[in-house]
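Structure below is upload-v6.cif: mmCIF, C-alpha atoms.
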data_protein
#
loop_
_atom_site.label_atom_id
_atom_site.label_comp_id
_atom_site.auth_asym_id
_atom_site.auth_seq_id
_atom_site.Cartn_x
_atom_site.Cartn_y
_atom_site.Cartn_z
CA MET A 24 -1.62 33.59 -39.95
CA ALA A 25 0.51 30.94 -41.69
CA ALA A 26 0.65 27.43 -40.34
CA PRO A 27 4.00 26.44 -38.79
CA GLU A 28 6.43 24.35 -40.83
CA PRO A 29 6.45 20.58 -40.06
CA GLY A 30 10.10 20.73 -38.94
CA ASP A 31 9.55 23.82 -36.81
CA PRO A 32 9.85 23.19 -33.01
CA GLY A 33 6.76 25.35 -32.57
CA ALA A 34 4.78 22.88 -34.65
CA ALA A 35 5.62 20.01 -32.30
CA ALA A 36 4.67 22.08 -29.24
CA SER A 37 1.42 23.17 -30.90
CA ALA A 38 0.59 19.54 -31.76
CA VAL A 39 1.20 18.44 -28.18
CA LEU A 40 -1.05 21.22 -26.85
CA ASP A 41 -3.75 20.26 -29.33
CA GLU A 42 -3.48 16.64 -28.23
CA LEU A 43 -3.75 17.63 -24.58
CA ALA A 44 -6.81 19.75 -25.36
CA ARG A 45 -8.43 16.71 -26.97
CA ASN A 46 -7.44 14.45 -24.10
CA PHE A 47 -9.01 16.53 -21.31
CA THR A 48 -12.81 16.35 -21.20
CA TYR A 49 -14.76 17.49 -18.18
CA GLY A 50 -18.37 16.73 -17.37
CA ALA A 51 -20.66 19.54 -18.34
CA ARG A 52 -22.72 21.26 -15.71
CA GLY A 53 -26.26 20.14 -15.42
CA ALA A 54 -28.50 17.46 -14.00
CA GLY A 55 -26.72 14.29 -13.19
CA ASN A 56 -23.24 15.81 -12.84
CA GLY A 57 -21.58 14.53 -9.66
CA SER A 58 -24.18 11.88 -8.86
CA LEU A 59 -24.72 8.23 -9.72
CA SER A 60 -27.15 8.99 -12.55
CA GLY A 61 -27.37 7.77 -16.12
CA ALA A 62 -25.43 10.78 -17.40
CA TRP A 63 -22.73 10.18 -14.78
CA TYR A 64 -22.38 6.54 -15.86
CA ARG A 65 -22.16 7.47 -19.54
CA ARG A 66 -19.39 9.98 -18.86
CA ASN A 67 -17.43 7.67 -16.54
CA GLN A 68 -17.69 4.24 -18.16
CA ILE A 69 -13.94 4.02 -18.79
CA HIS A 70 -13.24 5.16 -15.21
CA LEU A 71 -15.65 2.62 -13.77
CA PHE A 72 -13.88 -0.13 -15.68
CA GLY A 73 -10.60 0.95 -14.09
CA VAL A 74 -12.25 1.10 -10.67
CA LEU A 75 -13.67 -2.40 -11.16
CA LEU A 76 -10.23 -3.72 -12.10
CA ALA A 77 -8.66 -2.07 -9.04
CA ILE A 78 -11.32 -3.38 -6.63
CA LEU A 79 -11.15 -6.91 -8.02
CA GLY A 80 -7.35 -6.77 -7.96
CA ASN A 81 -7.30 -5.70 -4.31
CA LEU A 82 -9.81 -8.39 -3.35
CA VAL A 83 -7.73 -11.04 -5.12
CA ILE A 84 -4.66 -9.76 -3.23
CA SER A 85 -6.52 -10.09 0.08
CA ILE A 86 -7.51 -13.67 -0.82
CA SER A 87 -3.92 -14.50 -1.72
CA LEU A 88 -2.61 -13.10 1.58
CA ASN A 89 -5.03 -15.23 3.57
CA ILE A 90 -4.17 -18.33 1.51
CA GLN A 91 -0.48 -17.79 2.21
CA LYS A 92 -1.24 -17.24 5.90
CA TYR A 93 -3.22 -20.48 6.02
CA SER A 94 -0.35 -22.26 4.27
CA HIS A 95 2.10 -21.01 6.90
CA LEU A 96 -0.18 -22.23 9.69
CA ARG A 97 -0.50 -25.69 8.12
CA SER A 98 3.25 -25.98 7.58
CA ALA A 99 3.96 -25.02 11.20
CA GLN A 100 1.60 -27.72 12.50
CA GLN A 101 3.25 -30.54 10.56
CA GLU A 102 5.87 -32.79 12.17
CA PRO A 103 8.55 -32.10 11.13
CA PRO A 104 7.61 -28.62 9.83
CA ARG A 105 7.81 -28.35 6.05
CA PRO A 106 9.20 -25.26 4.29
CA TYR A 107 6.31 -23.09 3.17
CA PHE A 108 7.67 -22.73 -0.38
CA ARG A 109 7.12 -26.47 -0.92
CA SER A 110 3.40 -26.07 -0.38
CA VAL A 111 1.15 -26.03 -3.45
CA LEU A 112 -1.28 -23.84 -1.51
CA TRP A 113 1.39 -21.22 -0.90
CA TRP A 114 2.29 -21.07 -4.58
CA GLY A 115 -1.41 -20.71 -5.39
CA GLY A 116 -1.45 -17.64 -3.16
CA VAL A 117 1.60 -16.26 -4.98
CA ILE A 118 -0.12 -16.70 -8.35
CA LEU A 119 -3.24 -14.94 -7.07
CA MET A 120 -1.06 -12.12 -5.75
CA ALA A 121 0.45 -11.68 -9.22
CA LEU A 122 -3.02 -11.62 -10.79
CA GLY A 123 -4.22 -9.01 -8.30
CA GLU A 124 -1.21 -6.77 -8.92
CA THR A 125 -1.77 -7.15 -12.67
CA GLY A 126 -5.33 -5.91 -12.21
CA ASN A 127 -4.08 -2.89 -10.27
CA PHE A 128 -1.48 -2.20 -12.95
CA ALA A 129 -4.10 -2.32 -15.72
CA ALA A 130 -6.47 -0.08 -13.73
CA TYR A 131 -4.05 2.84 -13.98
CA GLY A 132 -4.42 2.73 -17.75
CA PHE A 133 -8.17 3.42 -17.55
CA ALA A 134 -8.62 5.79 -14.60
CA PRO A 135 -6.74 8.64 -12.87
CA ILE A 136 -4.18 7.98 -10.14
CA THR A 137 -6.29 9.99 -7.71
CA LEU A 138 -9.12 7.49 -8.22
CA ILE A 139 -7.17 4.20 -8.20
CA ALA A 140 -4.60 4.77 -5.42
CA PRO A 141 -7.05 5.23 -2.49
CA LEU A 142 -8.82 1.98 -3.40
CA GLY A 143 -6.05 0.05 -1.65
CA CYS A 144 -8.27 0.18 1.45
CA MET A 145 -10.40 -2.52 -0.20
CA SER A 146 -7.54 -4.99 0.22
CA VAL A 147 -7.43 -4.39 3.99
CA THR A 148 -11.18 -4.66 4.48
CA GLY A 149 -11.45 -7.68 2.17
CA SER A 150 -8.66 -9.43 4.06
CA THR A 151 -10.51 -8.85 7.33
CA ILE A 152 -13.75 -10.37 6.01
CA ILE A 153 -11.95 -13.40 4.56
CA SER A 154 -9.92 -14.02 7.75
CA VAL A 155 -13.12 -13.94 9.82
CA MET A 156 -14.97 -16.32 7.48
CA PHE A 157 -12.26 -18.88 6.72
CA LEU A 158 -9.53 -18.48 9.36
CA ARG A 159 -12.04 -18.15 12.23
CA GLU A 160 -10.54 -14.91 13.51
CA ASN A 161 -12.59 -12.71 15.84
CA LEU A 162 -14.84 -10.02 14.37
CA ARG A 163 -14.61 -6.93 16.54
CA ALA A 164 -16.85 -3.90 16.71
CA SER A 165 -13.95 -1.75 15.46
CA ASP A 166 -13.71 -4.03 12.39
CA LEU A 167 -17.36 -3.43 11.50
CA LEU A 168 -17.03 0.32 12.03
CA GLY A 169 -13.77 0.44 10.06
CA MET A 170 -15.19 -1.49 7.11
CA THR A 171 -18.27 0.75 7.07
CA LEU A 172 -16.14 3.89 7.01
CA ALA A 173 -13.87 2.45 4.32
CA LEU A 174 -16.84 1.59 2.10
CA ALA A 175 -18.38 5.03 2.64
CA GLY A 176 -15.05 6.66 1.79
CA THR A 177 -14.74 4.51 -1.34
CA TYR A 178 -18.20 5.59 -2.48
CA LEU A 179 -17.26 9.26 -2.09
CA LEU A 180 -13.93 8.71 -3.84
CA VAL A 181 -15.50 7.04 -6.85
CA ASN A 182 -18.34 9.55 -7.08
CA PHE A 183 -16.35 12.76 -6.57
CA ALA A 184 -12.94 11.94 -8.04
CA PRO A 185 -11.78 14.27 -10.85
CA ASN A 186 -14.07 13.79 -13.83
CA ILE A 187 -11.25 13.74 -16.37
CA THR A 188 -10.60 11.42 -19.31
CA GLN A 189 -7.01 11.46 -20.49
CA ALA A 190 -5.39 9.37 -23.20
CA ILE A 191 -1.81 8.64 -22.15
CA SER A 192 0.40 8.66 -25.24
CA ALA A 193 4.18 8.84 -25.44
CA ARG A 194 4.05 12.49 -26.51
CA THR A 195 1.82 13.31 -23.57
CA VAL A 196 4.22 11.68 -21.11
CA GLN A 197 7.18 13.48 -22.70
CA TYR A 198 5.37 16.81 -22.40
CA TYR A 199 4.63 16.24 -18.71
CA PHE A 200 8.12 14.86 -18.04
CA VAL A 201 9.82 18.14 -18.98
CA GLY A 202 7.17 20.40 -17.43
CA TRP A 203 8.32 22.93 -14.83
CA GLN A 204 5.81 21.62 -12.27
CA PHE A 205 7.29 18.15 -12.36
CA MET A 206 10.85 19.48 -12.36
CA ILE A 207 10.25 21.47 -9.16
CA TYR A 208 8.43 18.52 -7.61
CA MET A 209 11.29 16.12 -8.38
CA ILE A 210 13.95 18.52 -7.05
CA LEU A 211 12.06 18.84 -3.75
CA GLU A 212 11.42 15.10 -3.56
CA ILE A 213 15.06 14.19 -4.21
CA LEU A 214 16.19 16.73 -1.61
CA ILE A 215 13.82 15.36 1.05
CA PHE A 216 14.72 11.77 0.14
CA CYS A 217 18.47 12.42 0.47
CA ILE A 218 18.04 14.15 3.85
CA LEU A 219 15.93 11.29 5.25
CA LEU A 220 18.27 8.68 3.78
CA TYR A 221 21.22 10.44 5.47
CA PHE A 222 19.54 10.29 8.87
CA HIS A 223 18.53 6.67 8.27
CA LYS A 224 21.92 5.38 7.09
CA ARG A 225 24.44 7.66 8.78
CA LYS A 226 22.66 8.52 12.01
CA GLY A 227 20.98 5.12 12.44
CA MET A 228 17.49 6.63 12.80
CA LYS A 229 14.95 3.87 12.11
CA HIS A 230 11.72 5.55 13.15
CA ILE A 231 8.68 4.26 11.29
CA VAL A 232 7.86 7.73 9.95
CA ILE A 233 11.31 8.03 8.34
CA LEU A 234 11.18 4.56 6.78
CA LEU A 235 7.64 4.87 5.44
CA THR A 236 8.23 8.42 4.20
CA LEU A 237 11.11 7.06 2.13
CA VAL A 238 8.76 4.35 0.85
CA ALA A 239 6.09 6.95 0.02
CA LEU A 240 8.54 9.17 -1.87
CA LEU A 241 9.56 6.21 -4.00
CA ALA A 242 5.90 5.22 -4.39
CA SER A 243 5.05 8.59 -5.94
CA VAL A 244 7.62 7.91 -8.67
CA THR A 245 6.29 4.36 -9.01
CA VAL A 246 2.68 5.39 -9.62
CA ILE A 247 3.75 8.03 -12.17
CA SER A 248 5.74 5.45 -14.13
CA VAL A 249 3.09 2.72 -13.70
CA LYS A 250 0.37 4.96 -15.11
CA ALA A 251 2.65 6.03 -17.96
CA VAL A 252 3.53 2.44 -18.91
CA SER A 253 -0.02 1.14 -18.45
CA GLY A 254 -1.50 4.12 -20.28
CA MET A 255 0.86 3.74 -23.25
CA ILE A 256 0.08 0.02 -23.48
CA THR A 257 -3.64 0.78 -23.41
CA PHE A 258 -3.20 3.50 -26.05
CA SER A 259 -1.24 1.05 -28.21
CA VAL A 260 -4.08 -1.49 -28.05
CA THR A 261 -6.92 0.97 -28.65
CA ASP A 262 -5.34 3.51 -31.00
CA LYS A 263 -1.72 3.84 -32.14
CA MET A 264 1.44 1.93 -31.24
CA GLN A 265 3.40 3.72 -28.49
CA LEU A 266 5.93 1.04 -27.52
CA THR A 267 8.51 2.24 -30.05
CA TYR A 268 9.14 5.50 -28.18
CA PRO A 269 12.18 5.64 -25.84
CA ILE A 270 10.07 7.24 -23.08
CA PHE A 271 8.19 3.94 -22.68
CA TYR A 272 11.36 2.04 -21.78
CA ILE A 273 12.62 4.88 -19.58
CA MET A 274 9.41 4.68 -17.59
CA CYS A 275 9.72 0.87 -17.38
CA ILE A 276 13.20 1.19 -15.87
CA ILE A 277 12.02 3.84 -13.39
CA MET A 278 9.05 1.65 -12.43
CA ILE A 279 11.15 -1.47 -11.78
CA ALA A 280 13.94 0.35 -9.92
CA SER A 281 11.58 2.29 -7.65
CA CYS A 282 9.60 -0.87 -6.86
CA VAL A 283 12.75 -2.79 -5.86
CA PHE A 284 13.99 -0.11 -3.45
CA GLN A 285 10.47 0.45 -2.15
CA VAL A 286 10.07 -3.23 -1.24
CA LYS A 287 13.51 -3.25 0.42
CA LEU A 288 12.64 -0.31 2.69
CA LEU A 289 9.20 -1.74 3.42
CA ASN A 290 10.77 -5.02 4.52
CA GLN A 291 12.99 -3.11 6.95
CA ALA A 292 9.91 -1.44 8.41
CA THR A 293 8.08 -4.75 8.87
CA LYS A 294 11.11 -6.24 10.65
CA LEU A 295 11.25 -3.38 13.14
CA TYR A 296 7.54 -2.77 13.67
CA SER A 297 4.39 -4.88 13.78
CA THR A 298 2.20 -5.33 10.74
CA ALA A 299 -0.70 -3.66 12.57
CA THR A 300 1.43 -0.50 12.73
CA VAL A 301 3.05 -0.63 9.29
CA VAL A 302 -0.09 -1.36 7.21
CA PRO A 303 -2.22 1.71 8.09
CA VAL A 304 0.70 4.16 8.10
CA SER A 305 2.01 2.79 4.81
CA HIS A 306 -1.45 2.97 3.20
CA ILE A 307 -1.95 6.59 4.31
CA PHE A 308 1.51 7.73 3.22
CA PHE A 309 1.29 5.89 -0.11
CA THR A 310 -2.14 7.30 -0.94
CA ILE A 311 -1.15 10.87 -0.10
CA SER A 312 2.04 10.67 -2.17
CA ALA A 313 0.17 9.08 -5.10
CA ILE A 314 -2.53 11.79 -5.04
CA ILE A 315 0.12 14.54 -4.99
CA ALA A 316 1.95 12.86 -7.88
CA GLY A 317 -1.26 12.61 -9.91
CA ILE A 318 -2.11 16.25 -9.27
CA ILE A 319 1.35 17.57 -10.20
CA PHE A 320 2.42 15.27 -13.05
CA TYR A 321 -0.89 14.48 -14.75
CA GLN A 322 -2.76 17.60 -13.55
CA GLU A 323 -5.76 15.50 -12.58
CA PHE A 324 -7.47 18.21 -10.50
CA LEU A 325 -7.25 20.82 -13.23
CA GLY A 326 -10.58 22.69 -13.36
CA ALA A 327 -12.14 20.76 -10.45
CA ALA A 328 -14.65 22.61 -8.25
CA PHE A 329 -13.80 23.34 -4.61
CA LEU A 330 -16.76 21.34 -3.27
CA THR A 331 -15.78 18.32 -5.37
CA VAL A 332 -12.20 18.46 -4.04
CA PHE A 333 -13.44 18.83 -0.46
CA ILE A 334 -15.77 15.81 -0.66
CA TYR A 335 -13.03 13.80 -2.35
CA LEU A 336 -10.58 14.59 0.47
CA PHE A 337 -13.26 13.75 3.02
CA GLY A 338 -13.71 10.36 1.34
CA CYS A 339 -9.93 9.81 1.62
CA PHE A 340 -10.12 10.67 5.32
CA LEU A 341 -12.93 8.15 5.88
CA SER A 342 -10.99 5.40 4.11
CA PHE A 343 -7.87 6.20 6.16
CA LEU A 344 -9.85 6.07 9.38
CA GLY A 345 -11.44 2.78 8.36
CA VAL A 346 -8.06 1.16 7.68
CA VAL A 347 -6.72 2.35 11.05
CA LEU A 348 -9.74 0.93 12.90
CA VAL A 349 -9.55 -2.43 11.11
CA THR A 350 -5.82 -2.93 11.77
CA ARG A 351 -5.80 -1.41 15.27
CA ASN A 352 -4.62 -3.88 17.95
CA ARG A 353 -5.35 -6.80 15.62
CA GLU A 354 -2.07 -8.62 16.34
CA LYS A 355 -2.44 -8.16 20.10
CA ASP A 356 -5.66 -10.17 20.02
CA HIS A 357 -3.78 -13.20 18.65
CA LEU A 358 -0.57 -13.14 20.67
CA PRO A 359 0.36 -16.58 22.02
CA GLN A 360 0.50 -17.12 25.76
CA SER A 361 4.05 -16.30 26.88
CA TYR A 362 4.20 -18.74 29.81
CA VAL A 363 3.31 -22.32 30.69
CA ASP A 364 1.11 -23.07 33.67
CA PHE A 365 2.71 -26.22 35.10
CA GLY A 366 -0.28 -26.74 37.37
CA ASN A 367 -2.39 -27.65 34.33
CA VAL A 368 0.00 -30.15 32.75
CA PRO A 369 -1.60 -33.62 32.93
CA GLY A 370 0.28 -36.01 35.27
CA LYS A 371 2.43 -33.25 36.72
CA GLN A 372 2.12 -31.73 40.16
CA MET A 373 3.12 -28.17 40.85
CA LEU A 374 5.50 -28.26 43.83
CA ASP A 375 6.51 -24.64 44.14
CA LYS A 376 6.60 -21.35 42.29
CA ILE A 377 9.11 -20.96 39.51
CA GLN A 378 9.72 -17.40 40.66
CA PRO A 379 8.23 -15.91 43.86
CA ASP A 380 6.34 -12.63 43.74
CA SER A 381 8.46 -9.51 43.86
CA SER A 382 6.74 -8.47 47.10
CA CYS A 383 7.83 -11.69 48.83
CA LEU A 384 11.00 -11.85 50.96
CA SER A 385 12.21 -14.85 48.98
CA TYR A 386 12.21 -12.96 45.64
CA GLY A 387 15.36 -13.82 43.70
CA THR A 388 16.15 -17.02 45.66
CA LEU A 389 16.37 -20.59 44.46
CA PRO A 390 13.07 -22.48 43.98
CA ASP A 391 13.57 -24.67 47.07
CA GLY A 392 13.96 -21.64 49.30
CA SER A 393 17.65 -22.24 49.92
CA ASP A 394 19.92 -19.24 50.08
CA SER A 395 23.09 -21.22 49.56
CA ILE A 396 24.76 -23.40 46.99
CA LYS A 397 27.29 -26.18 47.36
CA SER A 398 30.91 -25.74 46.46
CA PRO A 399 32.80 -28.49 44.59
CA ARG A 400 34.03 -29.80 47.99
CA GLY A 401 30.49 -30.14 49.29
CA GLU A 402 30.60 -27.02 51.50
CA LYS A 403 27.70 -24.64 51.49
CA LYS A 404 28.34 -21.05 50.48
CA GLY A 405 26.02 -18.08 50.57
CA VAL A 406 24.55 -16.90 47.31
#

Structure re-expressed in structure tokens:
Amino acid sequence: MAAPEPGDPGAAASAVLDELARNFTYGARGAGNGSLSGAWYRRNQIHLFGVLLAILGNLVISISLNIQKYSHLRSAQQEPPRPYFRSVLWWGGVILMALGETGNFAAYGFAPITLIAPLGCMSVTGSTIISVMFLRENLRASDLLGMTLALAGTYLLVNFAPNITQAISARTVQYYFVGWQFMIYMILEILIFCILLYFHKRKGMKHIVILLTLVALLASVTVISVKAVSGMITFSVTDKMQLTYPIFYIMCIIMIASCVFQVKLLNQATKLYSTATVVPVSHIFFTISAIIAGIIFYQEFLGAAFLTVFIYLFGCFLSFLGVVLVTRNREKDHLPQSYVDFGNVPGKQMLDKIQPDSSCLSYGTLPDGSDSIKSPRGEKKGV
């Protein structure tokens, strides 16, 4: 059979398929497959580097959040209160936040989406540990249980994530971008997004599920573009320059635009609902959408065994449960007292109740027990 001509469209398709065949390498069956053995480490060194970047990035983000929180507390205690953006400590937290997000961005270039995305639970657990150690917040039993479950889930995720090594080049991204799987996925996602956006904007529905589902749908596009951009940069450094292809800049535009709208919707959710409610729901929705995006666009579960997929999903469930337990009722434990007990003010004597009990006959009357007020002429009138 003759080889296809260089200008033939079939030659380009054949070259892409050959490149994909070289990119996908699965661990062979045998001793050490699926366990933390020497063979497992040798096969997954590049993945472990990505995991290490993601974990360190999430821990740095948790440190930055606590630094910014401490800066807000210090600014509020000063007389007169200083704007937080004038604090050197606050800007230090912003710089650490940027470094942590850079680590997460780079991690997608070395490991699959299905491995990196669920590791966001490390930011929540790390923030809890730091707030207990340095901000003197209470350590609850649910925090310990949640952190244990999150760590156990992370172990299962890292150990049983898809054992796939994939070099992300511009031609690979182009091939996936026009695939029928991704086309169907994008049509369904755009349809669902438009329906939810209609109910949110036109009908005024601001339920947390609607808002965070919109965020998750945008996040799935974000992680696809982030992995494409990060992967092409990594490929350019280690092999061949990929930054001259138009698909690189298309993915950059998609990444920036989806991030901007995602942050805008997330801010609306945090204004309407407490952080203790938004954080776990957002983490769960984001992780699920990212996993689905990785499976459909990058085909990261291609050839995976059923038991491996089941244990991986169980690890996701444990990490979700751990995040929910850590953030559950956390803000309620630190609510300020909503009243002032005048009986405890030094030098002041409590003369009467500010408001009688509802069961008392004088409920709703003036503090001195009078049921009348004086008119401008000095005459008493009934209330």

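Comparing the minimum interatomic distances between A:Phe183 and each of A:Leu295, A:Ile273, A:Leu138, A:Leu119, counting all atoms listed in the file, we find that A:Leu138 sits nearest.
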
Given 4 Å on each side, where is the centre and what are the edge lengths in Å to one decimal of the axis-aligned box enclosing the listed atoms of stretch 257-263 of chain A, as lines of an AutoDock Vina configuration file?
center_x = -4.1
center_y = 1.2
center_z = -27.8
size_x = 13.7
size_y = 13.3
size_z = 16.7

*asked:* Please compute the atom CA of A:Ala130-atom CA of A:Met206 distance, one decimal, in Å.
replied: 26.2 Å

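Atom CA of A:Leu71 is found 13.2 Å from atom CA of A:Ile136.
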
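Distances here use all atoms listed in the file; by that measure, the residue among A:Ala77, A:Leu122, A:Val83, A:Ala327 closest to A:Ile139 is A:Ala77.
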
*Using only C-alpha atoms, which of A:His95, A:Arg351, A:Lys226, A:His306 sits nearest A:Ser146?*
A:His306
